[in-house]
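Below is the file input-v7.cif, which contains mmCIF, C-alpha atoms.
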```
data_entry
loop_
_atom_site.label_atom_id
_atom_site.label_comp_id
_atom_site.auth_asym_id
_atom_site.auth_seq_id
_atom_site.Cartn_x
_atom_site.Cartn_y
_atom_site.Cartn_z
CA MET R 1 134.70 85.30 101.57
CA VAL R 2 131.84 87.73 101.30
CA ASP R 3 132.80 91.42 101.05
CA MET R 4 130.01 93.63 99.82
CA ASP R 5 128.70 97.10 100.56
CA THR R 6 125.06 97.24 101.51
CA THR R 7 122.85 98.86 98.96
CA GLU R 8 119.58 98.93 100.82
CA ALA R 9 120.33 100.54 104.20
CA THR R 10 118.69 103.84 104.95
CA ASP R 11 121.22 106.55 105.76
CA ASP R 12 119.17 108.27 108.45
CA MET R 13 121.45 110.20 110.78
CA ASN R 14 118.58 110.70 113.25
CA ARG R 15 118.11 107.02 114.07
CA ASP R 16 120.04 105.99 117.10
CA ASP R 17 122.93 103.60 116.91
CA GLU R 18 121.08 100.62 118.32
CA GLU R 19 118.18 101.08 115.92
CA LEU R 20 120.57 101.19 112.96
CA PHE R 21 122.41 98.15 114.27
CA MET R 22 119.25 96.09 114.72
CA ALA R 23 117.72 97.14 111.41
CA HIS R 24 120.74 96.88 109.12
CA VAL R 25 123.28 94.60 110.77
CA ILE R 26 121.08 92.06 112.54
CA ALA R 27 118.04 92.40 110.24
CA GLY R 28 116.04 89.73 112.09
CA ASP R 29 118.81 87.12 112.23
CA HIS R 30 118.90 85.88 115.82
CA GLU R 31 122.16 84.03 115.29
CA LEU R 32 123.92 87.24 114.35
CA LEU R 33 122.50 88.90 117.48
CA PHE R 34 123.87 86.12 119.65
CA LEU R 35 127.20 86.20 117.81
CA ASP R 36 127.50 89.96 118.28
CA THR R 37 126.75 89.58 122.00
CA TYR R 38 129.28 86.79 122.39
CA LEU R 39 131.99 88.60 120.44
CA ARG R 40 131.54 91.83 122.37
CA GLU R 41 131.88 89.98 125.64
CA ILE R 42 134.95 87.94 124.68
CA PHE R 43 136.70 90.95 123.20
CA THR R 44 136.18 92.97 126.35
CA THR R 45 137.15 90.10 128.68
CA LYS R 46 140.82 89.16 128.83
CA MET N 1 126.77 103.46 144.85
CA ASN N 2 126.20 104.42 141.22
CA LEU N 3 124.89 101.21 139.71
CA GLN N 4 124.95 102.70 136.22
CA ARG N 5 128.73 102.62 136.12
CA LEU N 6 129.21 99.11 137.41
CA SER N 7 130.07 96.26 135.07
CA ASP N 8 127.92 93.14 134.86
CA THR N 9 130.47 91.32 137.00
CA GLN N 10 130.35 94.03 139.63
CA LEU N 11 126.54 94.08 139.67
CA LEU N 12 126.44 90.31 140.08
CA SER N 13 128.86 90.56 142.94
CA SER N 14 126.75 93.29 144.56
CA TYR N 15 123.64 91.17 144.20
CA LEU N 16 125.33 88.15 145.75
CA SER N 17 126.45 90.39 148.60
CA GLY N 18 122.83 91.27 149.33
CA ASP N 19 122.06 94.28 147.12
CA GLN N 20 118.69 93.40 145.56
CA SER N 21 118.68 96.51 143.39
CA ALA N 22 121.76 95.25 141.58
CA ILE N 23 119.91 92.35 139.92
CA SER N 24 117.13 94.73 138.86
CA LYS N 25 119.69 96.99 137.28
CA LEU N 26 121.33 94.05 135.53
CA ILE N 27 118.03 92.86 134.08
CA GLU N 28 117.07 96.39 133.06
CA ARG N 29 120.40 96.82 131.31
CA HIS N 30 119.94 93.75 129.11
CA LYS N 31 116.22 93.22 128.80
CA LYS N 32 115.92 94.84 125.38
CA ARG N 33 118.49 92.65 123.73
CA VAL N 34 117.02 89.52 125.34
CA SER N 35 113.53 90.57 124.29
CA ASP N 36 114.69 91.32 120.73
CA TYR N 37 116.42 87.93 120.55
CA ILE N 38 113.33 86.03 121.64
CA HIS N 39 111.02 88.00 119.35
CA MET N 40 113.24 87.19 116.36
CA MET N 41 112.71 83.50 116.96
CA VAL N 42 109.13 83.52 118.18
CA LYS N 43 106.70 85.55 116.15
CA ASP N 44 103.76 85.27 118.56
CA ARG N 45 104.08 88.29 120.86
CA GLU N 46 102.28 86.70 123.80
CA VAL N 47 104.41 83.56 123.65
CA ALA N 48 107.56 85.67 123.30
CA ASP N 49 106.62 87.70 126.37
CA ASP N 50 106.01 84.51 128.36
CA ILE N 51 109.39 83.12 127.33
CA PHE N 52 111.00 86.43 128.29
CA GLN N 53 109.53 86.18 131.79
CA GLU N 54 110.51 82.51 132.12
CA THR N 55 114.04 83.35 131.02
CA PHE N 56 114.69 85.89 133.72
CA ILE N 57 112.99 83.81 136.38
CA LYS N 58 115.41 81.05 135.48
CA VAL N 59 118.38 83.46 135.36
CA VAL N 60 117.74 84.72 138.88
CA ARG N 61 117.10 81.21 140.17
CA PHE N 62 120.35 79.90 138.70
CA ILE N 63 122.28 82.78 140.21
CA ASP N 64 120.64 82.25 143.61
CA GLU N 65 121.43 78.55 143.46
CA GLY N 66 125.06 79.22 142.63
CA ARG N 67 124.69 77.69 139.18
CA TYR N 68 126.24 80.61 137.34
CA THR N 69 130.00 81.03 137.38
CA ASP N 70 130.82 84.50 136.14
CA ASN N 71 133.32 84.59 133.31
CA GLY N 72 132.53 87.98 131.85
CA LYS N 73 129.90 86.61 129.47
CA PHE N 74 126.72 87.19 131.46
CA LEU N 75 124.55 88.34 128.55
CA SER N 76 125.69 85.47 126.32
CA TRP N 77 124.67 83.11 129.14
CA VAL N 78 121.26 84.78 129.44
CA LEU N 79 120.73 84.56 125.68
CA ARG N 80 121.53 80.85 125.78
CA ILE N 81 118.92 80.38 128.50
CA ALA N 82 116.45 82.33 126.38
CA HIS N 83 117.41 80.20 123.38
CA ASN N 84 116.81 76.99 125.34
CA GLN N 85 113.42 78.28 126.47
CA VAL N 86 112.50 78.97 122.83
CA ILE N 87 113.67 75.50 121.75
CA ASP N 88 111.60 73.95 124.56
CA HIS N 89 108.62 75.89 123.30
CA PHE N 90 109.15 74.66 119.73
CA ARG N 91 109.52 71.07 120.92
CA GLN N 92 106.29 71.26 122.86
CA ALA N 93 104.53 72.90 119.94
CA LYS N 94 105.92 70.27 117.56
CA GLN N 95 104.56 67.54 119.77
CA GLN N 96 101.25 69.24 119.35
CA ASN N 97 101.85 69.44 115.55
CA LYS N 98 101.86 73.20 115.58
CA VAL N 99 105.17 73.96 113.89
CA ASN N 100 107.34 72.78 111.01
CA GLU N 101 110.65 70.99 111.48
CA SER N 102 112.68 74.00 110.38
CA ASP N 103 111.45 76.16 113.26
CA ALA N 104 113.54 74.19 115.75
CA GLY N 105 116.50 73.59 113.49
CA PHE N 106 120.25 73.83 113.86
CA ASP N 107 122.06 77.06 114.48
CA ILE N 108 125.54 78.06 115.57
CA LEU N 109 124.71 77.80 119.24
CA GLY N 110 124.74 74.07 118.60
CA THR N 111 124.64 71.82 121.63
CA LEU N 112 124.43 74.31 124.43
CA ARG N 113 126.22 74.07 127.70
CA PHE N 114 126.29 76.84 130.18
CA SER N 115 128.19 75.21 132.94
CA ASN N 116 131.65 76.57 133.51
CA ASP N 117 131.91 74.90 136.87
CA THR N 118 134.63 72.41 136.12
CA ILE N 119 138.20 73.29 135.25
CA GLU N 120 137.75 71.37 132.03
CA ASP N 121 134.68 73.46 131.13
CA GLN N 122 136.62 76.64 131.74
CA MET N 123 139.60 75.48 129.69
CA VAL N 124 137.42 74.43 126.77
CA SER N 125 135.53 77.70 126.92
CA ALA N 126 138.78 79.71 126.99
CA GLN N 127 140.16 77.77 124.04
CA ILE N 128 137.02 78.38 121.99
CA GLU N 129 137.22 82.09 122.80
CA ASN N 130 140.83 82.18 121.63
CA ASP N 131 139.90 80.38 118.43
CA VAL N 132 137.07 82.83 117.72
CA ARG N 133 139.29 85.86 118.39
CA LYS N 134 141.79 84.50 115.87
CA LEU N 135 139.07 84.09 113.23
CA VAL N 136 138.68 87.87 113.15
CA GLU N 137 142.18 88.03 111.65
CA PHE N 138 140.85 86.20 108.58
CA LEU N 139 138.22 88.82 107.80
CA PRO N 140 138.77 91.27 104.95
CA GLU N 141 140.61 94.31 106.29
CA GLU N 142 137.62 96.69 106.13
CA GLN N 143 135.42 94.25 108.03
CA ARG N 144 138.10 93.51 110.63
CA GLN N 145 138.56 97.23 111.17
CA VAL N 146 134.85 97.81 111.84
CA VAL N 147 134.76 94.86 114.26
CA MET N 148 137.76 96.18 116.20
CA MET N 149 136.37 99.70 116.37
CA ARG N 150 132.99 98.40 117.48
CA TYR N 151 134.13 95.97 120.16
CA TYR N 152 137.42 97.39 121.39
CA ASP N 153 136.71 101.09 121.01
CA ASP N 154 132.93 100.81 121.52
CA LEU N 155 132.29 103.31 118.74
CA SER N 156 128.90 104.03 117.23
CA PHE N 157 128.40 103.40 113.52
CA LYS N 158 128.31 107.13 112.96
CA GLU N 159 131.73 107.44 114.60
CA ILE N 160 133.08 104.45 112.66
CA ALA N 161 131.82 105.96 109.41
CA GLU N 162 133.47 109.30 110.19
CA GLN N 163 136.79 107.78 111.23
CA THR N 164 137.02 105.47 108.23
CA ASP N 165 135.67 108.09 105.82
CA VAL N 166 132.77 106.03 104.53
CA SER N 167 129.00 106.36 104.70
CA ILE N 168 127.02 104.92 107.60
CA ASN N 169 125.48 102.54 105.06
CA THR N 170 128.92 101.17 104.27
CA ALA N 171 129.95 100.88 107.92
CA LEU N 172 126.76 98.98 108.72
CA GLY N 173 127.20 96.75 105.71
CA ARG N 174 130.77 95.90 106.64
CA MET N 175 129.68 94.97 110.17
CA ARG N 176 126.89 92.77 108.86
CA TYR N 177 129.16 90.92 106.49
CA ALA N 178 131.82 90.60 109.18
CA LEU N 179 129.32 88.76 111.37
CA ILE N 180 128.09 86.66 108.46
CA ASN N 181 131.66 85.69 107.58
CA LEU N 182 132.53 84.90 111.19
CA ARG N 183 129.46 82.70 111.47
CA LYS N 184 130.51 80.89 108.30
CA MET N 185 134.00 80.28 109.69
CA ILE N 186 132.65 79.12 113.06
CA ARG N 187 130.39 76.62 111.30
CA GLU N 188 133.23 75.40 109.09
CA LYS N 189 135.41 74.83 112.12
CA GLN N 190 132.46 73.37 114.04
CA LEU N 191 133.15 75.51 117.06
CA ILE N 192 130.50 75.33 119.76
CA LEU N 193 130.24 78.69 121.51
CA SER N 194 129.99 78.38 125.27
#
```

Would you give me this structure, written as structure tokens?
Amino acid sequence: MVDMDTTEATDDMNRDDEELFMAHVIAGDHELLFLDTYLREIFTTK
Amino acid sequence: MNLQRLSDTQLLSSYLSGDQSAISKLIERHKKRVSDYIHMMVKDREVADDIFQETFIKVVRFIDEGRYTDNGKFLSWVLRIAHNQVIDHFRQAKQQNKVNESDAGFDILGTLRFSNDTIEDQMVSAQIENDVRKLVEFLPEEQRQVVMMRYYDDLSFKEIAEQTDVSINTALGRMRYALINLRKMIREKQLILS
């Protein structure tokens, strides 16, 4: 199981949440974007 | 009616009841994520824009034809349509010897279905959702916590960082590795998200 802190993310408090998410969580990986979308929808749908 | 406050389900229902502005609002709400998704897979901006247009034309057509059964996962459904459009593009390009094999390769979306019309489809879909929710329990505690705060509490990463007393860098990193770990588990269990 992977459990690591990022070392490369820029801690810029002025960037909005979505920008930070796309840059440092998704980072160009379309599968992760789909997975995030899917998870958000199933966790908010009961 | 304040369309901003309506859920996707409510907007769809309004559209099907005759409110044309509701579908515009729905598309506006999600167009950035759909556009980002397509652009990640297709580097050519013009092609990506074409696929974006084709995606939403198809989305509206399917809704009009009664081929979308709402189950609270509208954006996931739209992304799967976008994904299929991208795959079609790669197949056509491959036939023209324009791309390498890896460009149209496997990913966790697997064999895509977006029909939830039958009872069996709905039951399978519900079971997969239950299985995926349970996988979150297997994440390391810090990652599970970020996932819960993000999806259940809808917190920003700044808020998550403050509430868990870590830097934004750490909160972002935990979210990224949570998604990476969940993808790994989904692949290992060969779940097909639908």

Leu39 of chain R: which residues within 10 Å, counting only C-alpha atoms, same-chain residues fewer than 5 positions away excluded, as a list in words?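 The residues that qualify are Leu33, Phe34, Thr44 and Thr45 of chain R; Lys73, Ser76, Glu129, Val132, Arg133, Val136, Val147, Tyr151, Leu179 and Leu182 of chain N.
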
Which residues, named as in the file, does the PyMOL selection byres ((chain N) within 9 of (chain R)) pick out? Answer as a PyMOL selection string. chain N and resi 33+36-41+71-77+79-80+107-109+129-130+132-133+139-140+142-143+148+150-152+156-158+167-183+193-194

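The gap separating atom CA of Thr69 of chain N from atom CA of Asp50 of chain N is 25.9 Å, in Å to one decimal.
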
Applying 12 Å and all atoms listed in the file, which residues near segment 15-21 of chain N remain after dropping the ones on its own chain fewer than 2 positions away? List them as a list in words.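 Near segment 15-21 of chain N, the qualifying residues are Met1, Asn2, Leu3, Gln4, Leu6, Asp8, Thr9, Gln10, Leu11, Leu12, Ser13, Ile23, Ser24, Lys25, Leu26, Ile27, Glu28, Val60, Phe62, Ile63, Asp64, Glu65, Gly66, Tyr68, Thr69 and Asp70 of chain N.
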
Please write the residues from the selection above to a file, keeping C-alpha atoms, as an mmCIF file, in the frame of the given file.
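Heads up, here's the output in part-v4.cif:
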```
data_model
loop_
_atom_site.group_PDB
_atom_site.id
_atom_site.type_symbol
_atom_site.label_atom_id
_atom_site.label_comp_id
_atom_site.auth_asym_id
_atom_site.auth_seq_id
_atom_site.Cartn_x
_atom_site.Cartn_y
_atom_site.Cartn_z
ATOM 1 C CA MET N 1 126.770 103.460 144.850
ATOM 2 C CA ASN N 2 126.200 104.420 141.220
ATOM 3 C CA LEU N 3 124.890 101.210 139.710
ATOM 4 C CA GLN N 4 124.950 102.700 136.220
ATOM 5 C CA LEU N 6 129.210 99.110 137.410
ATOM 6 C CA ASP N 8 127.920 93.140 134.860
ATOM 7 C CA THR N 9 130.470 91.320 137.000
ATOM 8 C CA GLN N 10 130.350 94.030 139.630
ATOM 9 C CA LEU N 11 126.540 94.080 139.670
ATOM 10 C CA LEU N 12 126.440 90.310 140.080
ATOM 11 C CA SER N 13 128.860 90.560 142.940
ATOM 12 C CA ILE N 23 119.910 92.350 139.920
ATOM 13 C CA SER N 24 117.130 94.730 138.860
ATOM 14 C CA LYS N 25 119.690 96.990 137.280
ATOM 15 C CA LEU N 26 121.330 94.050 135.530
ATOM 16 C CA ILE N 27 118.030 92.860 134.080
ATOM 17 C CA GLU N 28 117.070 96.390 133.060
ATOM 18 C CA VAL N 60 117.740 84.720 138.880
ATOM 19 C CA PHE N 62 120.350 79.900 138.700
ATOM 20 C CA ILE N 63 122.280 82.780 140.210
ATOM 21 C CA ASP N 64 120.640 82.250 143.610
ATOM 22 C CA GLU N 65 121.430 78.550 143.460
ATOM 23 C CA GLY N 66 125.060 79.220 142.630
ATOM 24 C CA TYR N 68 126.240 80.610 137.340
ATOM 25 C CA THR N 69 130.000 81.030 137.380
ATOM 26 C CA ASP N 70 130.820 84.500 136.140
#
```

Nearest to Glu54 of chain N, chosen from N:Ile119, N:Ala82, N:Arg67, N:Lys32, with all atoms listed in the file counted in the distances: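 Under the stated criterion, the closest residue is N:Ala82.
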
Atom-to-atom span, atom CA of Gln145 of chain N and atom CA of Val78 of chain N, Å: 28.1 Å

For the atom pair atom CA of Lys58 of chain N and atom CA of His89 of chain N, what is the interatomic distance in Å to one decimal place?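 We find that atom CA of Lys58 of chain N and atom CA of His89 of chain N lie 14.9 Å from each other.
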
Can you tell me, as number ranges by chain, which residues sit within 12 Å of (109.0, 75.1, 123.4) in the file's frame, using all atoms listed in the file? N: 38, 41-42, 47-48, 50-51, 54, 82-96, 98-99, 103-104
